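Below: run-v4.cif (mmCIF, C-alpha atoms and all ligand atoms)
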data_start
#
loop_
_atom_site.label_atom_id
_atom_site.label_comp_id
_atom_site.auth_asym_id
_atom_site.auth_seq_id
_atom_site.Cartn_x
_atom_site.Cartn_y
_atom_site.Cartn_z
CA MET A 1395 -16.66 2.10 8.91
CA THR A 1396 -15.32 3.98 11.93
CA THR A 1397 -14.89 7.72 11.47
CA PRO A 1398 -11.24 8.75 11.97
CA PRO A 1399 -10.35 11.31 14.61
CA SER A 1400 -10.67 14.81 13.15
CA SER A 1401 -7.45 16.21 11.67
CA THR A 1402 -8.70 19.78 11.64
CA GLY A 1403 -9.50 19.90 15.36
CA PRO A 1404 -7.32 21.31 18.13
CA ASP A 1405 -4.97 18.30 18.14
CA ALA A 1406 -3.95 18.86 14.56
CA ALA A 1407 -3.32 22.56 15.17
CA ALA A 1408 -1.05 21.70 18.09
CA GLY A 1409 0.91 19.25 15.95
CA THR A 1410 -0.22 16.24 17.98
CA PRO A 1411 -0.17 13.04 15.95
CA THR A 1412 -3.39 11.23 15.21
CA THR A 1413 -3.36 7.66 16.49
CA ILE A 1414 -5.33 5.00 14.64
CA PRO A 1415 -5.35 1.65 16.47
CA VAL A 1416 -5.37 -1.58 14.48
CA ARG A 1417 -7.09 -4.49 16.22
CA GLY A 1418 -5.97 -8.12 16.14
CA ASP A 1419 -3.97 -10.71 18.10
CA ARG A 1420 -1.10 -8.25 18.19
CA PRO A 1421 -2.75 -4.81 18.11
CA TYR A 1422 -0.65 -1.80 17.12
CA ASP A 1423 -0.96 1.90 16.43
CA VAL A 1424 -0.58 3.93 13.25
CA LEU A 1425 0.65 7.44 14.11
CA ILE A 1426 0.00 10.22 11.59
CA GLY A 1427 1.53 13.67 11.89
CA ARG A 1428 4.63 15.68 11.12
CA ASN A 1429 8.18 15.28 12.45
CA LEU A 1430 7.38 12.16 14.44
CA LEU A 1431 10.66 10.27 14.38
CA GLY A 1432 11.15 10.79 18.12
CA GLU A 1433 8.25 8.33 18.58
CA LEU A 1434 10.23 5.44 17.07
CA PRO A 1435 11.67 4.00 20.34
CA ARG A 1436 8.17 3.91 21.83
CA LEU A 1437 6.87 1.91 18.85
CA LEU A 1438 9.87 -0.44 19.03
CA GLY A 1439 8.85 -1.19 22.60
CA GLU A 1440 10.72 -2.65 25.54
CA GLY A 1441 13.61 -5.08 25.22
CA VAL A 1442 14.81 -4.29 21.70
CA ARG A 1443 18.57 -3.77 21.61
CA LYS A 1444 19.55 -4.26 17.97
CA VAL A 1445 17.80 -2.77 14.93
CA LEU A 1446 18.26 -3.17 11.18
CA VAL A 1447 17.22 0.03 9.40
CA VAL A 1448 16.25 -0.87 5.83
CA HIS A 1449 15.98 1.94 3.27
CA PRO A 1450 16.05 2.45 -0.51
CA ARG A 1451 19.09 3.98 -2.22
CA ALA A 1452 17.16 7.23 -2.83
CA LEU A 1453 16.67 7.71 0.93
CA ARG A 1454 20.25 7.05 2.07
CA ALA A 1455 20.43 10.29 4.08
CA THR A 1456 17.15 9.52 5.87
CA GLY A 1457 18.19 5.93 6.59
CA GLU A 1458 21.54 7.07 7.97
CA ALA A 1459 19.93 9.79 10.09
CA ILE A 1460 17.52 7.27 11.64
CA ARG A 1461 20.36 4.79 12.19
CA ASP A 1462 22.47 7.51 13.91
CA ASP A 1463 19.57 8.68 16.05
CA LEU A 1464 18.84 5.12 17.24
CA ALA A 1465 22.56 4.55 17.93
CA GLU A 1466 22.63 7.70 20.07
CA ARG A 1467 19.70 6.33 22.03
CA GLY A 1468 21.71 3.22 22.86
CA TYR A 1469 20.58 0.73 20.19
CA THR A 1470 23.06 -1.25 18.10
CA ALA A 1471 21.88 0.07 14.74
CA LEU A 1472 22.70 -1.55 11.40
CA LEU A 1473 21.84 -0.36 7.91
CA ALA A 1474 20.68 -2.20 4.76
CA GLU A 1475 20.45 -0.19 1.55
CA LEU A 1476 18.09 -1.61 -1.08
CA PRO A 1477 17.59 -0.82 -4.77
CA ASP A 1478 14.84 1.69 -5.53
CA GLY A 1479 11.35 0.70 -6.53
CA GLU A 1480 10.11 -2.74 -7.50
CA GLU A 1481 13.74 -3.96 -7.93
CA ALA A 1482 13.78 -4.28 -4.14
CA LYS A 1483 11.06 -6.93 -4.11
CA ARG A 1484 13.32 -9.78 -5.24
CA VAL A 1485 14.44 -12.87 -3.38
CA GLU A 1486 18.10 -11.82 -3.85
CA VAL A 1487 17.38 -8.61 -1.95
CA ALA A 1488 15.67 -10.50 0.87
CA ALA A 1489 18.69 -12.85 0.97
CA PHE A 1490 21.02 -9.83 1.20
CA CYS A 1491 19.12 -8.73 4.33
CA TRP A 1492 19.11 -12.26 5.80
CA THR A 1493 22.92 -12.30 5.43
CA ILE A 1494 23.28 -9.05 7.37
CA LEU A 1495 21.00 -10.40 10.10
CA GLY A 1496 22.93 -13.68 10.28
CA GLN A 1497 26.32 -12.00 10.40
CA SER A 1498 25.20 -9.65 13.18
CA ASP A 1499 23.67 -12.37 15.39
CA PHE A 1500 20.23 -10.79 15.18
CA THR A 1501 17.96 -12.48 17.74
CA ARG A 1502 14.24 -12.67 18.34
CA SER A 1503 14.40 -9.68 20.69
CA ASP A 1504 15.78 -7.44 17.90
CA ALA A 1505 13.79 -5.51 15.29
CA VAL A 1506 13.67 -4.38 11.69
CA VAL A 1507 12.82 -0.75 10.89
CA ALA A 1508 11.56 -0.28 7.32
CA VAL A 1509 12.03 3.26 6.01
CA GLY A 1510 10.68 3.87 2.51
CA GLY A 1511 7.86 3.26 0.10
CA GLY A 1512 5.69 0.17 -0.25
CA THR A 1513 8.42 -1.80 -1.95
CA VAL A 1514 10.65 -1.40 1.11
CA THR A 1515 7.94 -2.08 3.70
CA ASP A 1516 6.91 -5.19 1.69
CA VAL A 1517 10.38 -6.74 1.44
CA ALA A 1518 11.61 -5.62 4.89
CA GLY A 1519 8.36 -6.91 6.39
CA PHE A 1520 8.95 -10.22 4.61
CA VAL A 1521 12.51 -10.38 5.96
CA ALA A 1522 11.16 -9.73 9.47
CA ALA A 1523 8.44 -12.36 8.98
CA THR A 1524 10.93 -15.02 7.93
CA TRP A 1525 14.00 -14.28 10.08
CA LEU A 1526 13.98 -16.80 12.93
CA ARG A 1527 10.32 -17.34 11.89
CA GLY A 1528 9.41 -13.82 12.91
CA VAL A 1529 10.95 -10.75 14.51
CA LYS A 1530 9.41 -7.33 15.14
CA VAL A 1531 9.11 -4.80 12.33
CA VAL A 1532 8.24 -1.12 12.67
CA HIS A 1533 7.30 0.67 9.47
CA VAL A 1534 8.27 4.25 8.72
CA PRO A 1535 6.49 4.74 5.37
CA THR A 1536 7.80 7.65 3.30
CA THR A 1537 5.41 7.55 0.32
CA LEU A 1538 1.71 8.33 0.38
CA LEU A 1539 0.97 4.84 -0.89
CA ALA A 1540 2.94 3.17 1.88
CA MET A 1541 1.35 5.38 4.56
CA VAL A 1542 -2.23 4.65 3.57
CA ASP A 1543 -1.80 1.06 2.46
CA ALA A 1544 1.44 -0.96 2.27
CA ALA A 1545 2.68 -0.28 5.81
CA VAL A 1546 -0.66 -1.09 7.43
CA GLY A 1547 -2.20 -4.53 7.66
CA GLY A 1548 0.71 -6.95 7.68
CA LYS A 1549 0.80 -8.15 4.07
CA THR A 1550 4.49 -8.59 3.23
CA GLY A 1551 6.06 -10.09 0.15
CA ILE A 1552 8.23 -10.23 -2.92
CA ASN A 1553 7.57 -10.80 -6.63
CA THR A 1554 8.60 -13.79 -8.74
CA THR A 1555 9.07 -13.97 -12.50
CA GLU A 1556 5.47 -15.18 -12.74
CA GLY A 1557 3.78 -12.36 -10.86
CA LYS A 1558 3.28 -9.81 -8.11
CA ASN A 1559 3.64 -10.68 -4.42
CA LEU A 1560 3.49 -14.41 -5.14
CA VAL A 1561 5.72 -15.14 -2.13
CA GLY A 1562 5.00 -13.58 1.23
CA ALA A 1563 3.57 -13.79 4.71
CA PHE A 1564 1.05 -12.03 6.93
CA HIS A 1565 3.21 -10.28 9.52
CA PRO A 1566 1.67 -7.23 11.19
CA PRO A 1567 4.07 -4.51 12.29
CA ALA A 1568 4.63 -3.46 15.90
CA GLY A 1569 3.77 0.08 14.86
CA VAL A 1570 3.59 2.47 11.91
CA LEU A 1571 4.94 6.02 11.86
CA CYS A 1572 3.46 8.16 9.08
CA ASP A 1573 5.52 11.33 9.09
CA LEU A 1574 3.76 13.55 6.56
CA ALA A 1575 6.90 15.71 6.30
CA ALA A 1576 8.39 12.89 4.18
CA LEU A 1577 5.87 13.68 1.43
CA ASP A 1578 7.46 17.11 0.85
CA THR A 1579 10.22 15.48 -1.23
CA LEU A 1580 8.11 12.85 -2.99
CA HIS A 1581 7.91 13.03 -6.79
CA PRO A 1582 4.44 14.29 -7.86
CA HIS A 1583 3.93 11.09 -9.88
CA ASP A 1584 4.43 9.04 -6.72
CA LEU A 1585 2.01 11.27 -4.82
CA ARG A 1586 -0.60 10.74 -7.56
CA ALA A 1587 0.05 6.97 -7.51
CA GLY A 1588 -0.59 6.93 -3.76
CA MET A 1589 -3.87 8.76 -4.32
CA ALA A 1590 -5.08 5.76 -6.34
CA GLU A 1591 -5.14 3.66 -3.15
CA VAL A 1592 -6.75 6.54 -1.22
CA VAL A 1593 -9.49 6.79 -3.85
CA LYS A 1594 -9.86 3.00 -3.76
CA CYS A 1595 -10.79 3.35 -0.07
CA GLY A 1596 -13.28 6.03 -1.10
CA PHE A 1597 -15.01 3.75 -3.60
CA ILE A 1598 -15.13 0.68 -1.37
CA ALA A 1599 -15.90 2.20 2.02
CA ASP A 1600 -15.71 5.96 2.63
CA GLU A 1601 -17.44 8.21 0.11
CA ARG A 1602 -16.26 11.33 2.00
CA ILE A 1603 -12.80 10.61 0.51
CA LEU A 1604 -14.25 11.04 -2.99
CA GLU A 1605 -16.06 14.23 -1.96
CA LEU A 1606 -12.84 15.73 -0.58
CA VAL A 1607 -10.96 15.04 -3.83
CA GLU A 1608 -13.87 16.32 -5.91
CA ALA A 1609 -14.09 19.52 -3.84
CA ASP A 1610 -10.42 20.52 -4.14
CA VAL A 1611 -8.04 18.28 -6.03
CA GLU A 1612 -5.11 20.68 -5.61
CA ALA A 1613 -5.43 20.58 -1.82
CA ALA A 1614 -5.72 16.80 -2.03
CA LEU A 1615 -2.32 16.71 -3.69
CA ASP A 1616 -0.65 19.27 -1.40
CA PRO A 1617 1.40 17.55 1.36
CA ALA A 1618 1.08 20.63 3.57
CA SER A 1619 -2.71 20.85 3.41
CA PRO A 1620 -5.11 19.59 6.08
CA VAL A 1621 -7.10 17.99 3.26
CA LEU A 1622 -4.30 15.58 2.43
CA ARG A 1623 -3.90 14.77 6.11
CA GLU A 1624 -7.60 14.02 6.43
CA LEU A 1625 -7.40 11.80 3.33
CA VAL A 1626 -4.51 9.87 4.85
CA GLU A 1627 -6.38 9.45 8.12
CA ARG A 1628 -9.56 8.31 6.42
CA ALA A 1629 -7.77 5.80 4.16
CA VAL A 1630 -5.77 4.38 7.09
CA GLN A 1631 -9.01 4.08 9.06
CA VAL A 1632 -10.64 2.10 6.24
CA LYS A 1633 -7.66 -0.24 6.08
CA ALA A 1634 -7.45 -0.59 9.88
CA ASP A 1635 -11.15 -1.45 10.11
CA VAL A 1636 -10.83 -4.15 7.45
CA VAL A 1637 -7.58 -5.81 8.52
CA GLY A 1638 -8.61 -5.60 12.18
CA GLU A 1639 -11.48 -7.90 11.29
CA ASP A 1640 -9.83 -10.15 8.69
CA LEU A 1641 -6.02 -10.16 8.80
CA ARG A 1642 -5.58 -13.31 6.68
CA GLU A 1643 -8.01 -12.42 3.91
CA ALA A 1644 -10.60 -15.06 4.70
CA GLY A 1645 -13.25 -12.82 3.10
CA LEU A 1646 -13.76 -9.16 3.96
CA ARG A 1647 -10.13 -8.19 3.31
CA GLU A 1648 -10.54 -8.98 -0.40
CA ILE A 1649 -12.29 -5.62 -0.81
CA LEU A 1650 -8.87 -3.93 -0.42
CA ASN A 1651 -7.96 -5.70 -3.66
CA TYR A 1652 -10.43 -3.54 -5.64
CA GLY A 1653 -8.83 -2.81 -9.02
CA HIS A 1654 -5.89 -5.12 -8.35
CA THR A 1655 -6.84 -8.16 -10.46
CA LEU A 1656 -6.17 -6.34 -13.73
CA GLY A 1657 -3.81 -3.84 -12.04
CA HIS A 1658 -1.29 -6.48 -10.96
CA ALA A 1659 -1.51 -8.06 -14.43
CA VAL A 1660 -0.67 -4.69 -16.02
CA GLU A 1661 2.33 -4.32 -13.68
CA LEU A 1662 3.63 -7.75 -14.72
CA VAL A 1663 3.03 -7.28 -18.44
CA GLU A 1664 4.74 -3.88 -18.22
CA ARG A 1665 7.73 -5.50 -16.45
CA PHE A 1666 7.10 -3.38 -13.35
CA GLU A 1667 7.81 -0.17 -15.22
CA TRP A 1668 4.36 1.19 -14.31
CA ARG A 1669 3.84 2.56 -10.81
CA HIS A 1670 1.60 0.30 -8.71
CA GLY A 1671 -0.94 3.10 -8.15
CA ALA A 1672 -1.13 3.89 -11.87
CA ALA A 1673 -1.84 0.24 -12.71
CA ILE A 1674 -4.48 0.07 -9.99
CA SER A 1675 -6.14 3.19 -11.41
CA VAL A 1676 -6.65 1.47 -14.76
CA GLY A 1677 -7.69 -1.68 -12.90
CA MET A 1678 -10.43 0.20 -11.05
CA VAL A 1679 -11.86 1.70 -14.26
CA PHE A 1680 -11.81 -1.78 -15.81
CA VAL A 1681 -13.63 -3.41 -12.94
CA ALA A 1682 -16.15 -0.54 -12.76
CA GLU A 1683 -16.93 -1.16 -16.45
CA LEU A 1684 -17.16 -4.88 -15.75
CA ALA A 1685 -19.68 -4.26 -12.97
CA ARG A 1686 -21.71 -1.97 -15.25
CA LEU A 1687 -21.75 -4.57 -18.03
CA ALA A 1688 -22.82 -7.20 -15.50
CA GLY A 1689 -25.79 -4.97 -14.63
CA ARG A 1690 -24.56 -4.09 -11.15
CA LEU A 1691 -23.09 -0.59 -11.22
CA SER A 1692 -24.64 2.56 -12.63
CA GLU A 1693 -23.12 4.45 -15.53
CA GLU A 1694 -22.87 7.51 -13.28
CA ALA A 1695 -20.69 5.59 -10.79
CA VAL A 1696 -18.42 4.43 -13.62
CA ASP A 1697 -18.12 8.03 -14.84
CA ARG A 1698 -17.23 9.04 -11.30
CA HIS A 1699 -14.26 6.63 -11.38
CA ARG A 1700 -13.01 8.30 -14.55
CA ARG A 1701 -13.65 11.83 -13.23
CA VAL A 1702 -11.96 11.37 -9.85
CA LEU A 1703 -8.97 9.33 -11.04
CA GLY A 1704 -8.57 11.53 -14.14
CA SER A 1705 -8.60 14.72 -12.02
CA LEU A 1706 -5.62 13.28 -10.12
CA GLY A 1707 -3.72 12.74 -13.37
CA LEU A 1708 -3.97 8.95 -13.11
CA PRO A 1709 -4.29 6.74 -16.21
CA LEU A 1710 -7.73 5.52 -17.28
CA THR A 1711 -6.83 3.46 -20.36
CA TYR A 1712 -4.44 0.71 -21.38
CA ARG A 1713 -3.11 -0.45 -24.74
CA GLY A 1714 -5.55 -2.74 -26.46
CA ASP A 1715 -3.26 -5.45 -27.81
CA ARG A 1716 -2.34 -7.20 -24.57
CA TRP A 1717 -5.50 -9.08 -23.58
CA PRO A 1718 -4.11 -12.67 -23.78
CA GLN A 1719 -1.09 -11.78 -21.63
CA LEU A 1720 -3.29 -9.98 -19.11
CA LEU A 1721 -5.69 -12.92 -18.88
CA ALA A 1722 -2.80 -15.32 -18.25
CA ALA A 1723 -1.44 -13.05 -15.53
CA MET A 1724 -4.89 -12.66 -13.90
CA GLN A 1725 -5.14 -16.45 -13.68
CA ARG A 1726 -2.39 -16.25 -11.04
CA ASP A 1727 -4.19 -13.64 -8.95
CA LYS A 1728 -4.54 -14.76 -5.33
CA LYS A 1729 -8.32 -14.45 -5.45
CA THR A 1730 -8.54 -17.00 -8.27
CA ARG A 1731 -9.87 -20.42 -7.26
CA GLY A 1732 -8.97 -23.14 -9.75
CA ASP A 1733 -10.00 -21.78 -13.15
CA LEU A 1734 -12.42 -19.31 -11.62
CA LEU A 1735 -11.36 -15.68 -11.92
CA ARG A 1736 -12.80 -13.61 -9.08
CA PHE A 1737 -13.15 -9.82 -9.06
CA VAL A 1738 -14.05 -7.35 -6.36
CA VAL A 1739 -16.78 -5.20 -7.90
CA LEU A 1740 -19.17 -2.55 -6.60
CA ASP A 1741 -22.95 -2.63 -6.53
CA ALA A 1742 -22.70 1.06 -5.62
CA VAL A 1743 -20.13 3.36 -4.03
CA GLY A 1744 -19.41 1.87 -0.60
CA ARG A 1745 -21.01 -1.50 -1.47
CA PRO A 1746 -18.27 -3.90 -2.59
CA THR A 1747 -19.08 -7.47 -3.54
CA ARG A 1748 -17.59 -10.27 -5.69
CA LEU A 1749 -18.07 -11.26 -9.31
CA GLU A 1750 -17.02 -14.87 -9.81
CA GLY A 1751 -16.19 -16.49 -13.14
CA PRO A 1752 -17.62 -13.79 -15.39
CA ASP A 1753 -18.31 -14.73 -19.00
CA PRO A 1754 -15.08 -14.25 -21.03
CA ALA A 1755 -17.05 -12.10 -23.50
CA LEU A 1756 -18.03 -9.75 -20.66
CA LEU A 1757 -14.41 -9.48 -19.56
CA GLN A 1758 -13.30 -8.67 -23.07
CA ALA A 1759 -16.08 -6.11 -23.47
CA ALA A 1760 -14.93 -4.38 -20.27
CA TYR A 1761 -11.39 -4.43 -21.60
CA ALA A 1762 -12.56 -2.83 -24.84
CA GLU A 1763 -13.98 0.04 -22.76
CA ILE A 1764 -10.56 0.85 -21.29
CA SER A 1765 -8.47 0.09 -24.38
CA ALA A 1766 -6.44 2.98 -25.74
N1 LIG A 1801 1.56 -4.80 1.56
C1 LIG A 1801 0.51 -4.13 1.14
O1 LIG A 1801 -0.58 -4.19 1.72
C2 LIG A 1801 0.65 -3.23 -0.04
C3 LIG A 1801 -0.34 -2.29 -0.31
C4 LIG A 1801 -0.20 -1.46 -1.42
C5 LIG A 1801 0.94 -1.54 -2.21
N2 LIG A 1801 1.89 -2.45 -1.90
C6 LIG A 1801 3.13 -2.50 -2.69
O2 LIG A 1801 3.80 -1.25 -2.56
C7 LIG A 1801 4.62 -1.05 -3.70
C8 LIG A 1801 4.49 0.37 -4.21
O3 LIG A 1801 4.88 1.27 -3.19
P1 LIG A 1801 5.25 2.79 -3.52
O4 LIG A 1801 4.27 3.37 -4.44
O5 LIG A 1801 5.51 3.45 -2.23
O6 LIG A 1801 6.57 2.64 -4.39
P2 LIG A 1801 8.14 2.65 -4.03
O7 LIG A 1801 8.44 1.99 -2.76
O8 LIG A 1801 8.79 2.15 -5.25
O9 LIG A 1801 8.46 4.22 -3.87
C9 LIG A 1801 8.34 5.05 -5.00
C10 LIG A 1801 9.65 5.85 -5.25
O10 LIG A 1801 9.72 6.91 -4.31
C11 LIG A 1801 11.02 6.95 -3.69
N3 LIG A 1801 10.78 7.54 -2.38
C12 LIG A 1801 10.25 6.93 -1.30
N4 LIG A 1801 10.02 7.84 -0.34
C13 LIG A 1801 10.44 9.03 -0.80
C14 LIG A 1801 10.44 10.35 -0.28
N5 LIG A 1801 9.94 10.62 0.92
N6 LIG A 1801 10.95 11.34 -1.03
C15 LIG A 1801 11.42 11.08 -2.27
N7 LIG A 1801 11.43 9.87 -2.85
C16 LIG A 1801 10.94 8.85 -2.12
C17 LIG A 1801 11.46 5.51 -3.72
O11 LIG A 1801 12.84 5.37 -3.59
C18 LIG A 1801 10.93 5.05 -5.08
O12 LIG A 1801 11.83 5.39 -6.10
C19 LIG A 1801 4.22 -2.09 -4.72
O13 LIG A 1801 5.19 -3.09 -4.77
C20 LIG A 1801 2.92 -2.64 -4.18
O14 LIG A 1801 2.72 -3.97 -4.57
C21 LIG A 1801 1.78 -3.27 -0.84
O1 LIG A 1802 -3.99 -5.10 2.04
C1 LIG A 1802 -4.60 -5.74 1.17
O2 LIG A 1802 -5.22 -6.77 1.41
C2 LIG A 1802 -4.59 -5.27 -0.22
O3 LIG A 1802 -5.06 -5.95 -1.11
C3 LIG A 1802 -3.98 -3.93 -0.48
C4 LIG A 1802 -3.43 -3.74 -1.88
O4 LIG A 1802 -3.48 -2.34 -2.15
C5 LIG A 1802 -1.97 -4.16 -2.02
O5 LIG A 1802 -1.50 -3.78 -3.28
C6 LIG A 1802 -1.63 -5.60 -1.73
O6 LIG A 1802 -0.25 -5.78 -1.69
C7 LIG A 1802 -2.17 -6.57 -2.74
O7 LIG A 1802 -2.06 -7.84 -2.22
P1 LIG A 1802 -2.12 -9.18 -3.07
O8 LIG A 1802 -2.53 -10.17 -2.03
O9 LIG A 1802 -3.12 -9.02 -4.17
O10 LIG A 1802 -0.76 -9.39 -3.59
ZN ZN A 1803 -2.36 -1.89 -3.93
#
Would you mind writing the structure in this file as structure tokens?
Amino acid sequence: MTTPPSSTGPDAAAGTPTTIPVRGDRPYDVLIGRNLLGELPRLLGEGVRKVLVVHPRALRATGEAIRDDLAERGYTALLAELPDGEEAKRVEVAAFCWTILGQSDFTRSDAVVAVGGGTVTDVAGFVAATWLRGVKVVHVPTTLLAMVDAAVGGKTGINTTEGKNLVGAFHPPAGVLCDLAALDTLHPHDLRAGMAEVVKCGFIADERILELVEADVEAALDPASPVLRELVERAVQVKADVVGEDLREAGLREILNYGHTLGHAVELVERFEWRHGAAISVGMVFVAELARLAGRLSEEAVDRHRRVLGSLGLPLTYRGDRWPQLLAAMQRDKKTRGDLLRFVVLDAVGRPTRLEGPDPALLQAAYAEISA
């Protein structure tokens, strides 16, 4: 993996944003820094006249401020307020946005600006992917999880009654603006949930991430600390490297799904009342146990999952009476082929691989290891 530009060097001290380029047919930049909103017109690019600023209810003031700023700069700026959290990732909410776009004669030279957490970047990205078969979207992620994961890489989507992200499209953004100042107001539980995806990047590709959390977990969770900034940069770099090579998940990209096979099932079974990052934390412990039972991963590496995720206050166990429902939900995971469940597992830290069609007894034994 590429090493990200240093966040503790002279640039960081001067407040200069770090730029992480994402390769592909339509390359774009992820900017990471503080108080970056002035960069938005540059990311929108030439020719955009009309913008739809999409934000969750909880960020009304931020959405309005961005709308007003863009209007002052000469854009025709519209606003769409969405429900908070996973409630936003419904087809009715996408349809609400499509109606606004239709009624305002939004054309292919206009753009969507998604301001919020991963739920907002997912649904707003999906709206941008589908409106007129594709208009520009710029993401302004405001949660840690969205900065390091949801806003980068072009996966967009909504949920259906049957499962997570079952409808969606690959639609890379025109740019991503990670303004770390947004994290100052984030609920600590949401910060911890975002750390689950950061740690995921540590286990699959960049062990330095794990070392940073292990060295000083308080700094890792402090939005003002250079440690958190370095963690964001490293996680974004992991994601950029992967999606730059495999946007449409032909192979390599599956590694970003580490912990998600069981994690998404937990989210569904819990009716989306669990935070995504919390479910993924349990999912990573499960799949680490599965790899150990399959003779691939050492006990020490499994313990490290529990130590690191536990130190961040993330859940490590799940109630034991839900196995049949979880199995049914995992059957609908996007990595499944026919009846064959497929898991991303580790042979060691930084060495992800696949486990295909594991023996049901092995799966249940792994589940027993995480059962509360
Ligand atoms: N597309 C992808 O590649 C990808 C990657 C990872 C996760 N996801 C998706 O992202 C979603 C989870 O995203 P999330 O964890 O950001 O949750 P979220 O969008 O629900 O945000 C969490 C909460 O924080 C609030 N909030 C957002 N920014 C805030 C701020 N700056 N200050 C105070 N409150 C703020 C939101 O209103 C919400 O209530 C899931 O649906 C998951 O499936 C997508
Ligand atoms: O970007 C990816 O690829 C990922 O798998 C990142 C995940 O963290 C993210 O939760 C993603 O939305 C899951 O995608 P899905 O294809 O399993 O729905
Ligand atoms: Zn995820």
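Using only C-alpha atoms and all ligand atoms for every distance, the candidate list A:Glu1556, A:Glu1605, A:Asp1516, A:Asp1423 yields A:Asp1516 as the residue closest to ligand ZN 1803 (chain A).
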Test item: residues lying within 6 Å of ligand LIG 1801 (chain A) with only C-alpha atoms and all ligand atoms, as an NGL selection string: :A and (1450 or 1452 or 1478-1480 or 1510-1514 or 1516 or 1536-1537 or 1539-1540 or 1543-1544 or 1549-1550 or 1576-1577 or 1579-1580 or 1584 or 1670)
May I have the residues from that selection written out with C-alpha atoms, as a JSON list (two decimals), in the frame of the given file?
[["chain", "number", "residue", "atom", "x", "y", "z"],
["A", 1450, "PRO", "CA", 16.05, 2.45, -0.51],
["A", 1452, "ALA", "CA", 17.16, 7.23, -2.83],
["A", 1478, "ASP", "CA", 14.84, 1.69, -5.53],
["A", 1479, "GLY", "CA", 11.35, 0.70, -6.53],
["A", 1480, "GLU", "CA", 10.11, -2.74, -7.50],
["A", 1510, "GLY", "CA", 10.68, 3.87, 2.51],
["A", 1511, "GLY", "CA", 7.86, 3.26, 0.10],
["A", 1512, "GLY", "CA", 5.69, 0.17, -0.25],
["A", 1513, "THR", "CA", 8.42, -1.80, -1.95],
["A", 1514, "VAL", "CA", 10.65, -1.40, 1.11],
["A", 1516, "ASP", "CA", 6.91, -5.19, 1.69],
["A", 1536, "THR", "CA", 7.80, 7.65, 3.30],
["A", 1537, "THR", "CA", 5.41, 7.55, 0.32],
["A", 1539, "LEU", "CA", 0.97, 4.84, -0.89],
["A", 1540, "ALA", "CA", 2.94, 3.17, 1.88],
["A", 1543, "ASP", "CA", -1.80, 1.06, 2.46],
["A", 1544, "ALA", "CA", 1.44, -0.96, 2.27],
["A", 1549, "LYS", "CA", 0.80, -8.15, 4.07],
["A", 1550, "THR", "CA", 4.49, -8.59, 3.23],
["A", 1576, "ALA", "CA", 8.39, 12.89, 4.18],
["A", 1577, "LEU", "CA", 5.87, 13.68, 1.43],
["A", 1579, "THR", "CA", 10.22, 15.48, -1.23],
["A", 1580, "LEU", "CA", 8.11, 12.85, -2.99],
["A", 1584, "ASP", "CA", 4.43, 9.04, -6.72],
["A", 1670, "HIS", "CA", 1.60, 0.30, -8.71]]
What box, with edges along x, y and z, holds each listed atom of ligand LIG 1802 (chain A) when 6 Å is added on every side, and can you state its centre and edge lengths in Å to one decimal, as lines of an AutoDock Vina configuration file?
center_x = -2.7
center_y = -6.3
center_z = -1.1
size_x = 17.0
size_y = 19.8
size_z = 18.2
Could you tell me how far atom CA of His1658 of chain A lies from atom CA of Pro1535 of chain A, in Å and to one decimal?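 For atom CA of His1658 of chain A relative to atom CA of Pro1535 of chain A, the distance reads 21.3 Å.
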Give me, as JSON lines, each residue of chain A that comes within 7 Å of ligand ZN 1803 (chain A), together with its shortest interatomic pair and the distance in Å at one decimal, counting all atoms listed in the file, with rows ordered by chain and rising residue number.
{"residue": "A:Glu1591", "atom": "CA", "partner": "A:ZN1803", "partner_atom": "ZN", "distance": 6.3}
{"residue": "A:Asn1651", "atom": "CA", "partner": "A:ZN1803", "partner_atom": "ZN", "distance": 6.8}
{"residue": "A:His1654", "atom": "CA", "partner": "A:ZN1803", "partner_atom": "ZN", "distance": 6.5}
{"residue": "A:His1670", "atom": "CA", "partner": "A:ZN1803", "partner_atom": "ZN", "distance": 6.6}
{"residue": "A:Gly1671", "atom": "CA", "partner": "A:ZN1803", "partner_atom": "ZN", "distance": 6.7}
{"residue": "A:Ile1674", "atom": "CA", "partner": "A:ZN1803", "partner_atom": "ZN", "distance": 6.7}
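Of the listed residues A:Pro1421, A:Gly1439, A:Pro1411, A:Gly1588, the one whose atoms come nearest to ligand LIG 1802 (chain A) is A:Gly1588, with distances taken using all atoms listed in the file.
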Env of segment 1434-1436 of chain A: 10 Å cut, atoms = all atoms listed in the file, seq-sep filter 2 positions within chain, self excluded. Answer as a VMD selection string. chain A and resid 1430 to 1432 1438 to 1440 1442 1460 1463 to 1464 1467 1469 1507 1532 to 1534 1569 to 1571
Atom CA of Gly1548 of chain A to atom CA of Arg1484 of chain A: how many Å, to one decimal? 18.3 Å
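Going from atom CA of Ala1587 of chain A to atom CA of Ala1672 of chain A covers 5.5 Å.
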Minimum-distance residue to Ser1705 of chain A, chosen among A:Glu1601, A:Asp1578, A:Glu1608, A:Asp1753 (using only C-alpha atoms): A:Glu1608
With distances taken over all atoms listed in the file, which residue among A:Pro1718, A:Gly1519, A:Gly1707, A:Gly1653 lies nearest Arg1736 of chain A? A:Gly1653
Which residue of A:Lys1594, A:Tyr1712, A:Ala1613, A:Lys1728 approaches Gly1562 of chain A most closely, using all atoms listed in the file: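 Closest to Gly1562 of chain A, using all atoms listed in the file: A:Lys1728.
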Got a sec: who's within 7 Å of Gly1551 of chain A, counting all atoms listed in the file, leaving out chain neighbours fewer than 3 positions off, as a PyMOL selection string? chain A and resi 1516-1517+1520+1559+1561-1563
